$ cat run34.txt   # compact mmCIF, C-alpha atoms
# COMPACT_ATOMS: atom_id res chain seq x y z
CA MET U 299 267.40 55.62 129.66
CA ARG U 300 264.41 53.31 129.22
CA LEU U 301 262.56 55.04 132.10
CA THR U 302 263.16 58.45 130.50
CA LEU U 303 261.73 57.19 127.20
CA LEU U 304 258.59 55.86 128.87
CA VAL U 305 258.03 59.11 130.74
CA SER U 306 258.47 61.14 127.52
CA THR U 307 256.01 58.93 125.66
CA GLY U 308 253.45 59.37 128.43
CA ILE U 309 253.79 63.13 128.38
CA ILE U 310 253.30 63.23 124.59
CA SER U 311 250.20 61.00 124.79
CA TYR U 312 248.74 63.15 127.58
CA ALA U 313 249.31 66.34 125.58
CA SER U 314 247.78 64.83 122.45
CA ALA U 315 244.54 64.21 124.28
CA PHE U 316 244.04 67.96 124.67
CA ALA U 317 245.18 68.95 121.16
CA PRO U 318 242.47 70.67 119.07
CA ILE U 319 240.68 68.47 116.53
CA HIS U 320 240.41 69.93 113.03
CA GLN U 321 237.40 68.85 110.98
CA ARG U 322 236.81 69.51 107.31
CA SER U 323 233.73 71.49 106.43
CA SER U 324 231.63 70.76 103.37
CA SER U 325 229.03 72.76 101.51
CA ILE U 326 227.14 69.61 100.53
CA VAL U 327 223.99 69.22 102.61
CA ALA U 328 223.02 65.73 103.77
CA PRO U 329 220.26 64.31 101.56
CA LEU U 330 216.65 64.26 102.64
CA HIS U 331 214.83 61.06 101.79
CA MET U 332 211.15 61.74 101.21
CA SER U 333 208.61 59.85 99.17
CA THR U 334 205.12 59.85 97.76
CA GLU U 335 203.66 56.37 98.14
CA SER U 336 206.18 54.13 96.32
CA VAL U 337 208.33 56.82 94.64
CA PRO U 338 211.29 57.98 96.78
CA TYR U 339 212.45 61.59 96.60
CA VAL U 340 216.13 62.19 97.37
CA ILE U 341 216.74 65.91 97.96
CA THR U 342 220.31 67.23 98.23
CA GLY U 343 221.87 70.68 98.14
CA ASN U 344 225.02 72.75 97.79
CA ASN U 345 225.51 76.11 99.53
CA ILE U 346 221.91 76.07 100.70
CA GLU U 347 220.09 75.07 103.88
CA LEU U 348 217.38 72.51 103.17
CA THR U 349 214.74 74.00 105.45
CA SER U 350 211.44 72.29 106.21
CA SER U 351 209.53 74.89 104.19
CA LEU U 352 211.79 74.35 101.18
CA ASP U 353 211.45 70.59 101.50
CA GLU U 354 207.66 70.84 101.75
CA TYR U 355 207.55 73.05 98.66
CA VAL U 356 209.61 70.58 96.61
CA ASN U 357 207.39 67.69 97.71
CA LYS U 358 204.22 69.66 96.97
CA LYS U 359 205.35 70.53 93.44
CA LEU U 360 206.54 67.01 92.64
CA ASP U 361 203.44 65.37 94.08
CA LYS U 362 201.35 67.16 91.45
CA ILE U 363 203.35 65.38 88.75
CA ILE U 364 205.22 62.36 90.12
CA GLY U 365 202.51 61.62 92.68
CA LYS U 366 200.07 60.82 89.87
CA LEU U 367 202.49 58.22 88.50
CA ALA U 368 203.26 56.55 91.84
CA SER U 369 200.49 53.97 91.61
CA THR U 370 201.45 52.95 88.06
CA GLY U 371 205.01 51.89 88.90
CA ALA U 372 206.34 53.93 85.96
CA VAL U 373 208.71 55.98 88.15
CA SER U 374 211.30 54.20 90.30
CA GLU U 375 213.05 57.24 91.82
CA CYS U 376 213.22 61.02 91.63
CA ASP U 377 216.40 62.90 92.67
CA VAL U 378 216.37 66.64 93.38
CA HIS U 379 219.51 68.75 93.73
CA LEU U 380 219.36 72.41 94.79
CA SER U 381 222.45 74.61 94.59
CA VAL U 382 223.34 78.27 95.00
CA ASN U 383 226.21 79.97 93.18
CA LYS U 384 227.72 82.52 95.58
CA ASN U 385 229.44 84.45 92.79
CA LYS U 386 227.82 87.90 92.72
CA LYS U 387 228.45 88.16 88.98
CA VAL U 388 226.06 85.27 88.35
CA LYS U 389 222.54 86.66 88.06
CA ASP U 390 220.65 83.37 88.01
CA GLY U 391 222.55 81.69 90.81
CA HIS U 392 219.77 79.50 92.24
CA LYS U 393 219.68 76.19 90.38
CA ALA U 394 217.20 73.33 90.71
CA GLU U 395 217.83 69.96 89.05
CA VAL U 396 215.43 67.01 88.88
CA VAL U 397 216.42 63.56 87.62
CA THR U 398 213.47 61.17 87.18
CA TYR U 399 213.93 57.48 86.49
CA VAL U 400 210.98 56.29 84.40
CA LYS U 401 210.42 53.08 82.46
CA GLY U 402 212.65 53.00 79.40
CA THR U 403 214.67 56.18 80.00
CA VAL U 404 215.89 58.88 82.40
CA ILE U 405 214.45 62.41 82.31
CA ARG U 406 216.67 65.23 83.55
CA CYS U 407 215.61 68.86 83.97
CA ALA U 408 217.52 71.89 85.26
CA GLU U 409 216.52 75.53 85.69
CA GLU U 410 218.30 78.59 87.09
CA THR U 411 216.72 81.83 88.31
CA PRO U 412 217.57 84.52 90.91
CA ASP U 413 215.19 82.78 93.39
CA MET U 414 215.18 79.13 94.46
CA TYR U 415 211.40 78.85 94.67
CA ALA U 416 211.11 80.23 91.14
CA SER U 417 213.70 77.69 89.99
CA ILE U 418 211.66 74.88 91.55
CA ASP U 419 208.54 76.14 89.76
CA ALA U 420 210.38 76.28 86.44
CA VAL U 421 212.00 72.86 86.74
CA THR U 422 208.75 71.09 87.65
CA ASP U 423 207.04 72.77 84.69
CA ARG U 424 209.86 71.48 82.46
CA LEU U 425 209.42 68.00 83.93
CA ALA U 426 205.72 68.02 83.04
CA GLN U 427 206.59 69.02 79.47
CA LYS U 428 209.06 66.19 79.09
CA LEU U 429 206.70 63.61 80.58
CA VAL U 430 204.13 64.57 77.93
CA LYS U 431 206.82 64.02 75.27
CA TYR U 432 207.62 60.69 76.92
CA LYS U 433 203.96 59.66 76.60
CA ASP U 434 203.87 60.63 72.93
CA ARG U 435 207.04 58.64 72.20
CA ARG U 436 205.65 55.58 73.96
CA LEU U 437 202.50 55.77 71.87
CA GLU U 438 204.78 55.75 68.82
CA GLY U 439 206.37 52.51 70.03
CA PHE U 440 209.49 53.73 71.85
CA HIS U 441 210.57 53.37 75.52
CA GLY U 442 208.87 50.01 75.92
CA GLY U 443 206.10 50.47 73.37
CA PRO U 444 202.49 51.65 73.47
CA ASN U 445 201.32 48.79 75.73
CA MET U 446 201.78 50.85 78.87
CA GLY U 447 198.54 49.90 80.55
CA ALA U 448 195.31 51.87 80.78
CA ASN U 449 196.18 53.35 84.18
CA LEU U 450 199.56 54.74 83.11
CA ALA U 451 198.15 56.06 79.83
CA GLU U 452 195.34 57.82 81.67
CA VAL U 453 197.71 59.43 84.17
CA LEU U 454 200.11 60.65 81.46
CA GLU U 455 197.18 62.02 79.50
CA SER U 456 196.04 64.03 82.53
CA LEU U 457 199.37 65.83 82.85
CA GLU U 458 199.11 69.40 81.68
CA ALA U 459 202.34 70.63 80.16
CA PRO U 460 202.90 74.41 80.50
CA ALA U 461 203.40 76.33 77.29
CA GLU U 462 207.00 76.15 76.15
CA GLU U 463 208.90 79.39 75.77
CA ASP U 464 210.02 80.50 72.32
CA SER U 465 213.62 80.90 73.37
CA GLU U 466 215.78 78.19 74.86
CA SER U 467 216.30 78.26 78.60
CA SER U 468 219.42 80.00 79.78
CA THR U 469 220.30 76.90 81.82
CA ASP U 470 221.61 75.13 78.71
CA ALA U 471 224.93 76.91 79.30
CA GLU U 472 226.15 76.33 82.81
CA PHE U 473 228.50 78.77 84.55
CA VAL U 474 232.03 77.45 84.99
CA ASP U 475 234.64 79.24 87.06
CA PRO U 476 237.81 79.17 84.91
CA GLU U 477 240.04 79.65 87.95
CA ALA U 478 238.75 76.57 89.75
CA PRO U 479 238.03 73.71 87.34
CA VAL U 480 236.51 70.92 89.43
CA VAL U 481 234.26 67.96 88.79
CA THR U 482 230.94 68.90 90.43
CA LYS U 483 228.64 66.27 88.94
CA ILE U 484 228.95 62.67 87.83
CA LYS U 485 226.31 61.37 85.43
CA SER U 486 225.48 57.71 84.83
CA TYR U 487 223.70 56.08 81.92
CA ASP U 488 221.83 52.80 81.67
CA LEU U 489 223.71 50.85 78.98
CA SER U 490 222.14 47.47 79.72
CA THR U 491 219.42 47.82 77.05
CA PRO U 492 220.54 48.62 73.48
CA ILE U 493 218.43 51.22 71.66
CA SER U 494 218.27 52.58 68.14
CA ILE U 495 219.88 55.86 67.07
CA GLU U 496 216.42 57.36 66.54
CA GLU U 497 215.39 56.50 70.11
CA ALA U 498 218.68 57.96 71.41
CA ILE U 499 217.79 61.25 69.69
CA PHE U 500 214.41 61.17 71.43
CA ALA U 501 216.14 60.51 74.77
CA LEU U 502 218.43 63.48 74.11
CA GLY U 503 215.33 65.66 74.20
CA TYR U 504 214.66 64.55 77.79
CA VAL U 505 217.96 65.86 79.20
CA ASP U 506 219.27 69.39 79.55
CA HIS U 507 222.68 68.86 77.99
CA ASP U 508 223.82 68.45 74.39
CA PHE U 509 224.81 64.78 74.34
CA TYR U 510 223.47 61.35 75.23
CA VAL U 511 225.44 58.14 75.83
CA PHE U 512 223.76 54.88 74.79
CA ARG U 513 224.40 51.33 73.56
CA GLU U 514 223.60 51.16 69.86
CA LYS U 515 221.13 48.40 68.98
CA ASP U 516 222.71 47.11 65.74
CA SER U 517 226.39 47.15 66.77
CA ASN U 518 225.91 46.68 70.55
CA GLU U 519 228.66 49.30 70.98
CA VAL U 520 228.60 52.32 73.29
CA SER U 521 227.97 55.47 71.23
CA VAL U 522 227.29 59.17 71.82
CA ILE U 523 224.67 61.27 70.06
CA TYR U 524 225.04 65.05 70.32
CA LYS U 525 223.50 68.29 69.07
CA ARG U 526 225.57 70.17 66.49
CA THR U 527 225.80 73.95 66.71
CA ALA U 528 225.33 74.10 62.93
CA GLY U 529 222.09 72.12 63.28
CA GLY U 530 221.22 68.46 63.23
CA TYR U 531 222.86 65.71 65.27
CA GLY U 532 226.29 64.10 65.40
CA LEU U 533 227.11 60.49 66.23
CA ILE U 534 230.32 59.26 67.85
CA ASN U 535 231.13 55.57 67.44
CA PRO U 536 234.13 53.61 68.77
CA GLN U 537 236.82 52.67 66.24
$ encode --input "run34.txt" --output "structure tokens"
Amino acid sequence: MRLTLLVSTGIISYASAFAPIHQRSSSIVAPLHMSTESVPYVITGNNIELTSSLDEYVNKKLDKIIGKLASTGAVSECDVHLSVNKNKKVKDGHKAEVVTYVKGTVIRCAEETPDMYASIDAVTDRLAQKLVKYKDRRLEGFHGGPNMGANLAEVLESLEAPAEEDSESSTDAEFVDPEAPVVTKIKSYDLSTPISIEEAIFALGYVDHDFYVFREKDSNEVSVIYKRTAGGYGLINPQ
């Protein structure tokens, strides 16, 4: 009986060695880690092949903006995420997102067009616009104050922001498939430094969604500022 059991176990182990191995496939492309001097670029993608030409184009566009700030130490990291919506009903299915970590805040931009290269053009133009706003706010005393150093001030002054469109970008409303509700993005906020409500409203202008999470300076509590559809801003405080 014991011999029969050993023989059966050996046969099963031998057969398992030739069994097919099933691997899970993922649409998330491994990140590319590029950099310009001291600023690292982390480029990731969904449903898109990160070709060398696409990578070079992203680096070229960012170098015109982020590359100027590399020597100042104002930017610690810049993350780029490219994604393609395969749904044929979605006209602007090529989305480019850029998250830039600068001194005092985080600037997020997102644009969607029918072509990925056009989306990259649009999102880098939006980044330049928001960096100019960032400079203006610093001169007013926010995000670390006006003492930013002559080099940083000169670089920010040299940035040319493209003319803003009259209408809001269509990327403010993201497409959501009602039949497959899934968490596709996790956002993080720096809550280590308390800021005023006014500065939180300024920071809300640097991101492409309608809310901003922050630690309120007077109460030291985590709060949320958001844009109201009826106009103005709303504030959510803990009870």
$ atom_distance --input "run34.txt" --atom1 "CA of Ile405 (chain U)" --atom2 "CA of Pro492 (chain U)"
17.5 Å
$ closest_residue --input "run34.txt" --among "U:Thr403, U:Ser490, U:Gln427, U:Ser374" --to "Tyr339 (chain U)" --atoms "all atoms listed in the file"
U:Ser374
$ atom_distance --input "run34.txt" --atom1 "CA of Phe500 (chain U)" --atom2 "CA of Gly391 (chain U)"
29.4 Å
$ closest_residue --input "run34.txt" --among "U:Leu348, U:Leu429, U:Leu380, U:Val396" --to "Thr411 (chain U)" --atoms "only C-alpha atoms"
U:Leu380
$ atom_distance --input "run34.txt" --atom1 "CA of Lys485 (chain U)" --atom2 "CA of Ala498 (chain U)"
16.3 Å
$ residues_near_point --input "run34.txt" --point "(220.4, 76.3, 96.6)" --cutoff "12 Å" --atoms "only C-alpha atoms" --output "ChimeraX atom specification"
/U:325-327,341-349,352-353,378-384,390-395,409-418
$ write_last_selection --input "run34.txt" --atoms "C-alpha atoms" --output "tab-separated table (two decimals), keeping the file's coordinate frame"
chain	number	residue	atom	x	y	z
U	325	SER	CA	229.03	72.76	101.51
U	326	ILE	CA	227.14	69.61	100.53
U	327	VAL	CA	223.99	69.22	102.61
U	341	ILE	CA	216.74	65.91	97.96
U	342	THR	CA	220.31	67.23	98.23
U	343	GLY	CA	221.87	70.68	98.14
U	344	ASN	CA	225.02	72.75	97.79
U	345	ASN	CA	225.51	76.11	99.53
U	346	ILE	CA	221.91	76.07	100.70
U	347	GLU	CA	220.09	75.07	103.88
U	348	LEU	CA	217.38	72.51	103.17
U	349	THR	CA	214.74	74.00	105.45
U	352	LEU	CA	211.79	74.35	101.18
U	353	ASP	CA	211.45	70.59	101.50
U	378	VAL	CA	216.37	66.64	93.38
U	379	HIS	CA	219.51	68.75	93.73
U	380	LEU	CA	219.36	72.41	94.79
U	381	SER	CA	222.45	74.61	94.59
U	382	VAL	CA	223.34	78.27	95.00
U	383	ASN	CA	226.21	79.97	93.18
U	384	LYS	CA	227.72	82.52	95.58
U	390	ASP	CA	220.65	83.37	88.01
U	391	GLY	CA	222.55	81.69	90.81
U	392	HIS	CA	219.77	79.50	92.24
U	393	LYS	CA	219.68	76.19	90.38
U	394	ALA	CA	217.20	73.33	90.71
U	395	GLU	CA	217.83	69.96	89.05
U	409	GLU	CA	216.52	75.53	85.69
U	410	GLU	CA	218.30	78.59	87.09
U	411	THR	CA	216.72	81.83	88.31
U	412	PRO	CA	217.57	84.52	90.91
U	413	ASP	CA	215.19	82.78	93.39
U	414	MET	CA	215.18	79.13	94.46
U	415	TYR	CA	211.40	78.85	94.67
U	416	ALA	CA	211.11	80.23	91.14
U	417	SER	CA	213.70	77.69	89.99
U	418	ILE	CA	211.66	74.88	91.55
$ closest_residue --input "run34.txt" --among "U:Asn518, U:Ser350, U:Gln537, U:Asn385" --to "Ile495 (chain U)" --atoms "only C-alpha atoms"
U:Asn518
$ closest_residue --input "run34.txt" --among "U:Gly402, U:Ser521, U:Leu425, U:Tyr510" --to "Thr491 (chain U)" --atoms "only C-alpha atoms"
U:Gly402
$ closest_residue --input "run34.txt" --among "U:Gly371, U:Thr422, U:Tyr531, U:Lys386" --to "Asn357 (chain U)" --atoms "all atoms listed in the file"
U:Thr422
$ closest_residue --input "run34.txt" --among "U:Val337, U:Ile523, U:Val388, U:Val397" --to "Val373 (chain U)" --atoms "all atoms listed in the file"
U:Val337
$ residues_near_point --input "run34.txt" --point "(227.1, 53.1, 70.7)" --cutoff "10 Å" --atoms "only C-alpha atoms" --output "number ranges by chain"
U: 489, 492-495, 498, 511-523, 533-536
